[in-house]
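One file, target.cif, carrying mmCIF, C-alpha atoms:
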data_final
#
loop_
_atom_site.label_atom_id
_atom_site.label_comp_id
_atom_site.auth_asym_id
_atom_site.auth_seq_id
_atom_site.Cartn_x
_atom_site.Cartn_y
_atom_site.Cartn_z
CA MET A 1 -12.94 22.61 -35.15
CA THR A 2 -10.82 24.59 -32.68
CA GLN A 3 -7.11 24.38 -33.48
CA LYS A 4 -5.10 22.36 -30.97
CA VAL A 5 -2.98 24.43 -28.60
CA THR A 6 0.72 23.61 -28.97
CA LEU A 7 3.85 23.99 -26.85
CA ALA A 8 4.91 26.82 -29.18
CA ASP A 9 1.70 28.67 -28.25
CA VAL A 10 2.53 28.32 -24.56
CA ALA A 11 6.08 29.58 -25.12
CA ALA A 12 4.82 32.59 -27.06
CA ALA A 13 2.20 33.42 -24.40
CA ALA A 14 4.82 33.16 -21.63
CA GLY A 15 7.48 35.08 -23.52
CA VAL A 16 10.05 32.28 -23.33
CA SER A 17 11.68 29.91 -25.77
CA LYS A 18 9.99 26.63 -26.68
CA MET A 19 12.78 24.73 -24.94
CA THR A 20 12.31 26.69 -21.72
CA ALA A 21 8.55 26.13 -21.86
CA SER A 22 9.14 22.40 -22.33
CA ARG A 23 11.56 22.20 -19.42
CA ALA A 24 9.28 24.23 -17.18
CA LEU A 25 6.32 21.95 -17.86
CA ARG A 26 8.48 18.91 -17.11
CA GLY A 27 9.48 20.43 -13.76
CA ALA A 28 13.18 20.77 -14.58
CA ALA A 29 15.17 22.17 -11.67
CA ASP A 30 17.21 24.68 -13.74
CA VAL A 31 14.20 26.79 -14.79
CA SER A 32 13.86 30.05 -12.86
CA LYS A 33 10.79 30.50 -10.69
CA SER A 34 9.62 33.52 -12.68
CA SER A 35 9.81 31.58 -15.96
CA LEU A 36 8.15 28.56 -14.36
CA ASP A 37 5.27 30.70 -13.05
CA ARG A 38 4.77 32.40 -16.45
CA VAL A 39 4.79 29.12 -18.35
CA GLN A 40 2.40 27.39 -15.96
CA LYS A 41 0.02 30.36 -16.04
CA ALA A 42 0.16 30.51 -19.83
CA ALA A 43 -0.56 26.78 -20.10
CA ARG A 44 -3.58 27.14 -17.83
CA ASP A 45 -4.86 30.26 -19.55
CA ILE A 46 -4.78 28.86 -23.09
CA GLY A 47 -5.76 25.30 -22.15
CA TYR A 48 -2.56 23.46 -23.06
CA VAL A 49 -2.39 19.74 -22.24
CA ALA A 50 1.03 18.13 -22.47
CA ASN A 51 1.59 14.77 -24.19
CA PRO A 52 3.76 12.77 -21.75
CA LEU A 53 4.20 9.87 -24.16
CA ALA A 54 5.55 12.14 -26.87
CA ALA A 55 7.89 13.78 -24.39
CA SER A 56 9.21 10.38 -23.37
CA LEU A 57 10.64 9.84 -26.85
CA SER A 58 13.28 12.47 -26.17
CA THR A 59 13.66 12.16 -22.39
CA GLN A 60 13.40 8.35 -22.30
CA ARG A 61 10.75 8.65 -19.59
CA THR A 62 7.31 10.08 -18.89
CA GLN A 63 6.36 12.14 -15.87
CA LEU A 64 4.23 9.27 -14.59
CA VAL A 65 4.82 7.37 -11.36
CA GLY A 66 3.41 3.84 -11.47
CA VAL A 67 1.75 2.69 -8.23
CA VAL A 68 0.72 -0.95 -7.90
CA VAL A 69 -1.63 -2.07 -5.11
CA PRO A 70 -3.54 -5.32 -4.52
CA SER A 71 -6.90 -3.63 -3.87
CA LEU A 72 -8.69 -0.29 -4.05
CA THR A 73 -11.66 -1.46 -1.96
CA ASN A 74 -9.41 -1.75 1.09
CA THR A 75 -9.11 1.54 3.00
CA VAL A 76 -5.52 0.66 3.85
CA PHE A 77 -4.33 1.16 0.29
CA ALA A 78 -6.56 4.18 -0.30
CA GLU A 79 -4.84 5.96 2.60
CA MET A 80 -1.41 5.03 1.26
CA LEU A 81 -2.38 6.37 -2.18
CA THR A 82 -3.47 9.62 -0.53
CA GLY A 83 0.00 9.99 0.99
CA ILE A 84 1.61 9.40 -2.40
CA ALA A 85 -0.65 11.82 -4.27
CA GLU A 86 -0.32 14.68 -1.79
CA THR A 87 3.48 14.37 -1.70
CA ILE A 88 3.87 14.28 -5.50
CA GLU A 89 1.45 17.18 -6.00
CA GLY A 90 3.18 20.20 -7.53
CA SER A 91 6.28 18.24 -8.56
CA GLY A 92 5.30 17.84 -12.21
CA LEU A 93 4.89 14.08 -11.71
CA GLN A 94 1.56 12.28 -11.93
CA PRO A 95 0.71 9.03 -10.12
CA VAL A 96 -1.11 6.31 -12.05
CA PHE A 97 -2.56 3.30 -10.27
CA GLY A 98 -2.72 -0.37 -11.14
CA VAL A 99 -4.68 -2.99 -9.17
CA THR A 100 -3.70 -6.68 -8.98
CA ASN A 101 -6.53 -8.13 -6.86
CA TYR A 102 -3.85 -10.26 -5.16
CA ASP A 103 -3.40 -12.22 -8.40
CA PRO A 104 0.23 -12.87 -9.49
CA GLU A 105 -0.62 -13.06 -13.20
CA THR A 106 -2.52 -9.78 -13.03
CA GLU A 107 0.40 -8.21 -11.16
CA LEU A 108 2.81 -9.29 -13.90
CA GLU A 109 0.60 -7.81 -16.61
CA VAL A 110 0.16 -4.54 -14.70
CA LEU A 111 3.93 -4.21 -14.24
CA ARG A 112 4.63 -4.92 -17.91
CA ASN A 113 2.16 -2.24 -18.99
CA MET A 114 3.40 0.37 -16.54
CA LEU A 115 7.08 -0.17 -17.30
CA SER A 116 6.34 0.16 -21.02
CA TRP A 117 5.23 3.75 -20.31
CA ARG A 118 8.80 4.62 -19.19
CA PRO A 119 7.67 5.94 -15.79
CA ALA A 120 9.73 8.32 -13.67
CA GLY A 121 9.44 5.82 -10.83
CA MET A 122 7.55 2.80 -9.52
CA ILE A 123 5.91 2.23 -6.11
CA VAL A 124 4.90 -1.40 -5.68
CA THR A 125 3.17 -3.10 -2.75
CA GLY A 126 5.11 -5.87 -1.03
CA LEU A 127 8.47 -7.60 -1.35
CA ASP A 128 7.32 -11.06 -2.40
CA HIS A 129 6.67 -11.05 -6.14
CA PRO A 130 6.62 -13.96 -8.61
CA ASP A 131 10.03 -14.57 -10.20
CA ALA A 132 9.00 -13.05 -13.54
CA ALA A 133 7.67 -9.89 -11.89
CA ARG A 134 10.75 -9.54 -9.69
CA GLN A 135 12.98 -9.90 -12.74
CA LEU A 136 11.06 -7.17 -14.56
CA LEU A 137 11.47 -4.79 -11.64
CA ALA A 138 15.13 -5.64 -11.10
CA GLN A 139 16.01 -5.04 -14.75
CA SER A 140 14.14 -1.75 -15.08
CA GLN A 141 16.08 1.50 -14.80
CA GLU A 142 13.35 3.38 -12.95
CA PRO A 143 13.60 4.23 -9.24
CA LEU A 144 11.65 1.55 -7.36
CA VAL A 145 10.12 1.66 -3.88
CA GLN A 146 8.48 -1.44 -2.41
CA VAL A 147 6.00 -0.54 0.31
CA MET A 148 4.09 -1.92 3.32
CA ASP A 149 6.63 -4.66 4.16
CA VAL A 150 10.26 -4.97 5.29
CA ASP A 151 10.36 -8.74 5.92
CA GLY A 152 12.46 -9.79 2.95
CA GLU A 153 14.98 -8.57 0.38
CA ALA A 154 14.16 -5.31 -1.35
CA ILE A 155 15.16 -4.79 -4.98
CA ASP A 156 15.91 -1.09 -4.53
CA ASN A 157 14.18 0.93 -1.77
CA CYS A 158 11.49 -0.14 0.69
CA VAL A 159 9.38 1.38 3.44
CA GLY A 160 6.93 -0.40 5.73
CA ILE A 161 6.60 -2.50 8.86
CA SER A 162 7.65 -5.98 9.93
CA HIS A 163 4.52 -8.11 9.66
CA ARG A 164 6.12 -11.01 11.48
CA GLN A 165 6.87 -8.69 14.39
CA ALA A 166 3.32 -7.30 14.30
CA GLY A 167 1.89 -10.82 14.53
CA ALA A 168 4.25 -11.77 17.36
CA ASP A 169 3.40 -8.60 19.30
CA MET A 170 -0.33 -9.31 19.04
CA ALA A 171 0.14 -12.90 20.23
CA ARG A 172 2.05 -11.70 23.27
CA ALA A 173 -0.64 -9.12 24.01
CA LEU A 174 -3.38 -11.77 23.92
CA LEU A 175 -1.34 -14.09 26.14
CA ALA A 176 -0.71 -11.23 28.58
CA ALA A 177 -4.50 -10.75 28.73
CA GLY A 178 -4.81 -14.36 29.90
CA ARG A 179 -6.13 -15.81 26.65
CA ARG A 180 -5.08 -19.35 25.74
CA LYS A 181 -7.86 -20.76 23.54
CA ILE A 182 -7.22 -18.73 20.42
CA GLY A 183 -8.59 -19.02 16.88
CA TYR A 184 -7.63 -17.39 13.57
CA VAL A 185 -9.68 -15.99 10.65
CA CYS A 186 -8.32 -14.85 7.26
CA CYS A 187 -9.51 -14.03 3.73
CA THR A 188 -7.38 -14.03 0.53
CA GLN A 189 -5.27 -16.58 2.38
CA LEU A 190 -3.49 -17.93 -0.71
CA TYR A 191 -2.10 -14.63 -2.03
CA ASP A 192 -1.93 -12.23 0.93
CA ILE A 193 1.72 -12.88 1.77
CA ARG A 194 1.82 -10.16 4.41
CA ALA A 195 -1.07 -11.80 6.30
CA GLN A 196 0.82 -15.08 6.10
CA LYS A 197 3.87 -13.41 7.65
CA ARG A 198 1.76 -12.02 10.50
CA LEU A 199 0.35 -15.48 11.13
CA GLU A 200 3.88 -16.96 11.19
CA GLY A 201 4.97 -14.38 13.77
CA PHE A 202 1.75 -14.91 15.75
CA GLN A 203 2.14 -18.70 15.92
CA SER A 204 5.83 -18.45 16.74
CA ALA A 205 5.13 -16.19 19.73
CA LEU A 206 2.34 -18.50 20.92
CA ALA A 207 4.69 -21.49 20.67
CA GLU A 208 7.18 -19.74 22.95
CA GLN A 209 4.55 -20.09 25.70
CA GLY A 210 3.46 -23.61 24.71
CA VAL A 211 0.22 -22.41 23.10
CA VAL A 212 -1.13 -23.45 19.69
CA LEU A 213 -4.08 -22.19 17.68
CA VAL A 214 -7.21 -24.13 18.62
CA ALA A 215 -9.02 -23.56 15.31
CA THR A 216 -8.67 -21.61 12.06
CA LYS A 217 -11.07 -20.55 9.33
CA THR A 218 -9.61 -19.22 6.08
CA THR A 219 -10.83 -18.58 2.57
CA ASP A 220 -9.47 -17.16 -0.68
CA ALA A 221 -12.57 -14.97 -1.05
CA PRO A 222 -12.16 -11.17 -0.82
CA SER A 223 -12.02 -9.70 2.66
CA SER A 224 -15.11 -7.88 3.94
CA VAL A 225 -17.15 -7.26 7.08
CA PRO A 226 -19.87 -9.77 6.01
CA ALA A 227 -17.14 -12.36 5.35
CA GLY A 228 -15.76 -11.77 8.85
CA ARG A 229 -19.20 -12.29 10.36
CA ALA A 230 -19.79 -15.52 8.44
CA LEU A 231 -16.34 -16.94 9.14
CA THR A 232 -16.61 -16.13 12.84
CA ALA A 233 -19.91 -18.01 13.01
CA GLU A 234 -18.28 -21.02 11.36
CA LEU A 235 -15.22 -20.85 13.61
CA LEU A 236 -17.22 -20.64 16.84
CA GLY A 237 -19.52 -23.39 15.61
CA ALA A 238 -16.48 -25.67 15.44
CA ALA A 239 -14.74 -24.34 18.58
CA PRO A 240 -17.29 -22.64 20.88
CA ASP A 241 -14.93 -22.38 23.86
CA LEU A 242 -12.48 -19.94 22.20
CA ASP A 243 -11.55 -16.97 24.37
CA ALA A 244 -9.82 -14.93 21.59
CA ILE A 245 -9.80 -14.68 17.79
CA TYR A 246 -7.03 -13.12 15.71
CA PHE A 247 -8.28 -11.76 12.37
CA SER A 248 -6.02 -10.91 9.44
CA ASN A 249 -7.50 -7.39 9.28
CA ASP A 250 -9.93 -5.00 10.94
CA ASP A 251 -12.75 -5.56 8.40
CA LEU A 252 -12.95 -9.21 9.37
CA ALA A 253 -12.66 -8.38 13.07
CA ALA A 254 -15.59 -5.95 12.80
CA GLY A 255 -17.64 -8.70 11.16
CA GLY A 256 -16.67 -10.95 14.05
CA GLU A 257 -17.99 -8.39 16.51
CA PHE A 258 -21.33 -8.14 14.68
CA HIS A 259 -21.72 -11.91 14.96
CA CYS A 260 -20.97 -11.76 18.68
CA LEU A 261 -23.47 -8.93 19.21
CA ALA A 262 -26.16 -10.90 17.39
CA GLU A 263 -25.46 -14.04 19.43
CA GLY A 264 -25.11 -12.30 22.79
CA ILE A 265 -21.40 -13.11 23.16
CA SER A 266 -19.71 -10.56 25.42
CA VAL A 267 -16.76 -8.74 23.78
CA PRO A 268 -14.04 -8.49 25.03
CA GLU A 269 -14.92 -10.08 28.39
CA ARG A 270 -15.96 -13.49 27.05
CA LEU A 271 -14.23 -13.31 23.66
CA LEU A 272 -11.36 -10.96 22.82
CA LEU A 273 -11.22 -9.98 19.13
CA ALA A 274 -8.04 -8.68 17.49
CA GLY A 275 -7.50 -7.28 13.99
CA PHE A 276 -4.82 -5.46 12.04
CA ASN A 277 -4.37 -1.98 10.51
CA GLY A 278 -6.01 0.29 13.08
CA LEU A 279 -8.69 1.60 10.72
CA GLU A 280 -10.63 4.66 11.88
CA PHE A 281 -14.01 2.93 12.08
CA ILE A 282 -12.69 0.54 14.76
CA ASP A 283 -13.03 3.33 17.33
CA ALA A 284 -16.76 3.59 16.52
CA LEU A 285 -17.61 -0.08 17.15
CA PRO A 286 -19.98 -0.76 20.06
CA ARG A 287 -17.41 -2.94 21.82
CA PRO A 288 -13.62 -2.45 21.78
CA ILE A 289 -11.35 -4.76 19.80
CA ALA A 290 -7.56 -4.98 19.75
CA THR A 291 -5.66 -3.97 16.61
CA THR A 292 -2.23 -3.06 15.25
CA ARG A 293 -2.14 0.53 13.99
CA THR A 294 -0.12 0.98 10.80
CA PRO A 295 1.16 4.32 9.36
CA ARG A 296 -0.40 3.91 5.92
CA ARG A 297 -0.44 7.54 4.87
CA GLU A 298 3.10 8.13 6.13
CA ILE A 299 4.35 5.09 4.18
CA GLY A 300 2.88 6.59 1.00
CA GLN A 301 4.43 9.97 1.74
CA ILE A 302 7.90 8.53 2.28
CA ALA A 303 7.69 6.29 -0.80
CA ALA A 304 6.81 9.32 -2.94
CA ARG A 305 9.64 11.29 -1.34
CA MET A 306 12.09 8.52 -2.28
CA VAL A 307 10.99 8.73 -5.92
CA LEU A 308 11.21 12.53 -5.91
CA ASP A 309 14.72 12.44 -4.40
CA ARG A 310 15.93 10.27 -7.27
CA GLU A 311 14.04 12.30 -9.89
CA THR A 312 15.48 15.63 -8.74
CA GLY A 313 18.93 14.33 -7.83
CA SER A 314 18.50 15.57 -4.27
CA LYS A 315 21.71 15.47 -2.23
CA VAL A 316 19.68 14.94 0.96
CA THR A 317 18.28 11.47 0.34
CA LEU A 318 16.36 9.10 2.58
CA PRO A 319 17.80 5.72 3.63
CA SER A 320 17.13 2.88 1.19
CA GLU A 321 15.05 1.09 3.86
CA ILE A 322 12.74 2.73 6.37
CA ARG A 323 11.17 0.45 8.97
CA PHE A 324 8.33 1.77 11.10
CA PRO A 325 8.02 0.45 14.64
CA ASP A 326 4.80 -1.50 15.13
CA ALA A 327 2.21 0.39 17.11
#
Serialized structure, structure tokens:
Amino acid sequence: MTQKVTLADVAAAAGVSKMTASRALRGAADVSKSSLDRVQKAARDIGYVANPLAASLSTQRTQLVGVVVPSLTNTVFAEMLTGIAETIEGSGLQPVFGVTNYDPETELEVLRNMLSWRPAGMIVTGLDHPDAARQLLAQSQEPLVQVMDVDGEAIDNCVGISHRQAGADMARALLAAGRRKIGYVCCTQLYDIRAQKRLEGFQSALAEQGVVLVATKTTDAPSSVPAGRALTAELLGAAPDLDAIYFSNDDLAAGGEFHCLAEGISVPERLLLAGFNGLEFIDALPRPIATTRTPRREIGQIAARMVLDRETGSKVTLPSEIRFPDA
């Protein structure tokens, strides 16, 4: 068998001490650029792979950044992860992803596992965690950024939008378009706290004008275009005179449009459909729908920057909370 390449081999190939090689591979700021370049080239040339868990025994942390999201099938979170990965690239840190499927028990287990790795930082979706999960995050020593939401109390840093404001803004837009008979469709209703906040803001803004939701159709099943089509059919079967439907996301709204196309319902003239997120495919639908565009990639970039600032001890740090205006 081929002998395993060691850190000492990298140091010898780069012409530096073992300690310098170790610090260079960890991305330490006090290593000169010339030494850093030689060490990185030597590691690539001889095929050295660092052991982050072994390194954590002396540094009390790995070079991993834990990222927790509720879903990887939703494009929203994939775009946020892209922003995180491209910002961390070249820093010496490595993002690792955990998926909760909107389940609080799964979230708690994912957080326990990730924190046991002694990560350099944590990026976690949302502000509303079960008490046990919130306690874990509050007691950890790692830099923490909570993302996608600012409606609540952050444990450390947060970056996102106000979902209540987004819901209220959409309600006012529908009312301004002359719509009064409005329905609502949502999946993962029980656990998607951010969708619940949007609905609260939406209903509050309707109430200001003396309007209430005519009908709702919700389920705890995963969100998808087919689910949106089926739920829209059920909603209109119960309330055929609706003139607008607010969906908890764009996937469901697209499904609603496919139902309308199949049934000959004119969109948006007869029935105005509204979603959330501003996903790219919305612009390719046969008929236009309303949506709230969210800066998913930018949120990921800023969250990663917050972790990097703390990791490097940057003197130019971002605010602890960054709130994007709703678009």
Name the residues captured by the PyMOL selection byres ((chain A and resi 25) around 12) when it is applied to the shown file; answer as JSON, numbers by chain.
{"A": [7, 10, 11, 14, 18, 19, 20, 21, 22, 23, 24, 26, 27, 28, 29, 30, 31, 35, 36, 37, 38, 39, 40, 41, 42, 43, 44, 48, 49, 50, 51, 52, 55, 62, 63, 90, 91, 92, 93]}
Picked residues, the PyMOL selection byres ((chain A and resi 186-188) around 8), expected as a list in words:
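On this input, the PyMOL selection byres ((chain A and resi 186-188) around 8) captures Tyr102, Tyr184, Val185, Gln189, Leu190, Tyr191, Asp192, Ala195, Lys217, Thr218, Thr219, Asp220, Ala221, Pro222, Ser223, Ala227, Phe247, Ser248, Asn249 and Leu252 of chain A.
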Quick one: write out the picked residues with C-alpha atoms as a compact mmCIF listing (two decimals), keeping the file's coordinate frame?
# COMPACT_ATOMS: atom_id res chain seq x y z
CA TYR A 102 -3.85 -10.26 -5.16
CA TYR A 184 -7.63 -17.39 13.57
CA VAL A 185 -9.68 -15.99 10.65
CA GLN A 189 -5.27 -16.58 2.38
CA LEU A 190 -3.49 -17.93 -0.71
CA TYR A 191 -2.10 -14.63 -2.03
CA ASP A 192 -1.93 -12.23 0.93
CA ALA A 195 -1.07 -11.80 6.30
CA LYS A 217 -11.07 -20.55 9.33
CA THR A 218 -9.61 -19.22 6.08
CA THR A 219 -10.83 -18.58 2.57
CA ASP A 220 -9.47 -17.16 -0.68
CA ALA A 221 -12.57 -14.97 -1.05
CA PRO A 222 -12.16 -11.17 -0.82
CA SER A 223 -12.02 -9.70 2.66
CA ALA A 227 -17.14 -12.36 5.35
CA PHE A 247 -8.28 -11.76 12.37
CA SER A 248 -6.02 -10.91 9.44
CA ASN A 249 -7.50 -7.39 9.28
CA LEU A 252 -12.95 -9.21 9.37
Excluding same-chain residues fewer than 4 positions from Ala173 in chain A, what lies within 12 Å of it counting all atoms listed in the file, as an MDAnalysis selection string?
chainID A and resid 166:169 177:180 202 205:206 244 246 272:274 290:292
The PyMOL selection byres ((chain A and resi 121) around 6) on the file shown: which residues, as an NGL selection string?
:A and (65 or 119-120 or 122 or 142-144 or 307)
C-alpha atoms of the current selection, written as a PDB file, in the frame of the given file:
ATOM      1  CA  VAL A  65       4.820   7.370 -11.360  1.00  0.00           C
ATOM      2  CA  PRO A 119       7.670   5.940 -15.790  1.00  0.00           C
ATOM      3  CA  ALA A 120       9.730   8.320 -13.670  1.00  0.00           C
ATOM      4  CA  MET A 122       7.550   2.800  -9.520  1.00  0.00           C
ATOM      5  CA  GLU A 142      13.350   3.380 -12.950  1.00  0.00           C
ATOM      6  CA  PRO A 143      13.600   4.230  -9.240  1.00  0.00           C
ATOM      7  CA  LEU A 144      11.650   1.550  -7.360  1.00  0.00           C
ATOM      8  CA  VAL A 307      10.990   8.730  -5.920  1.00  0.00           C
TER       9      VAL A 307
END
Expressed in Å, the length from CA of Met80 in chain A to CA of Gly300 in chain A is 4.6 Å
Separation of CA of Asp103 in chain A from CA of Gly256 in chain A in Å:
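These atoms are spaced 26.1 Å apart.
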Using only C-alpha atoms, can you tell me which of A:Gln165, A:Thr294, A:Thr87, A:Ser71 comes closest to Thr106 in chain A?
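When distances to Thr106 in chain A are compared using only C-alpha atoms, the smallest one comes from A:Ser71.
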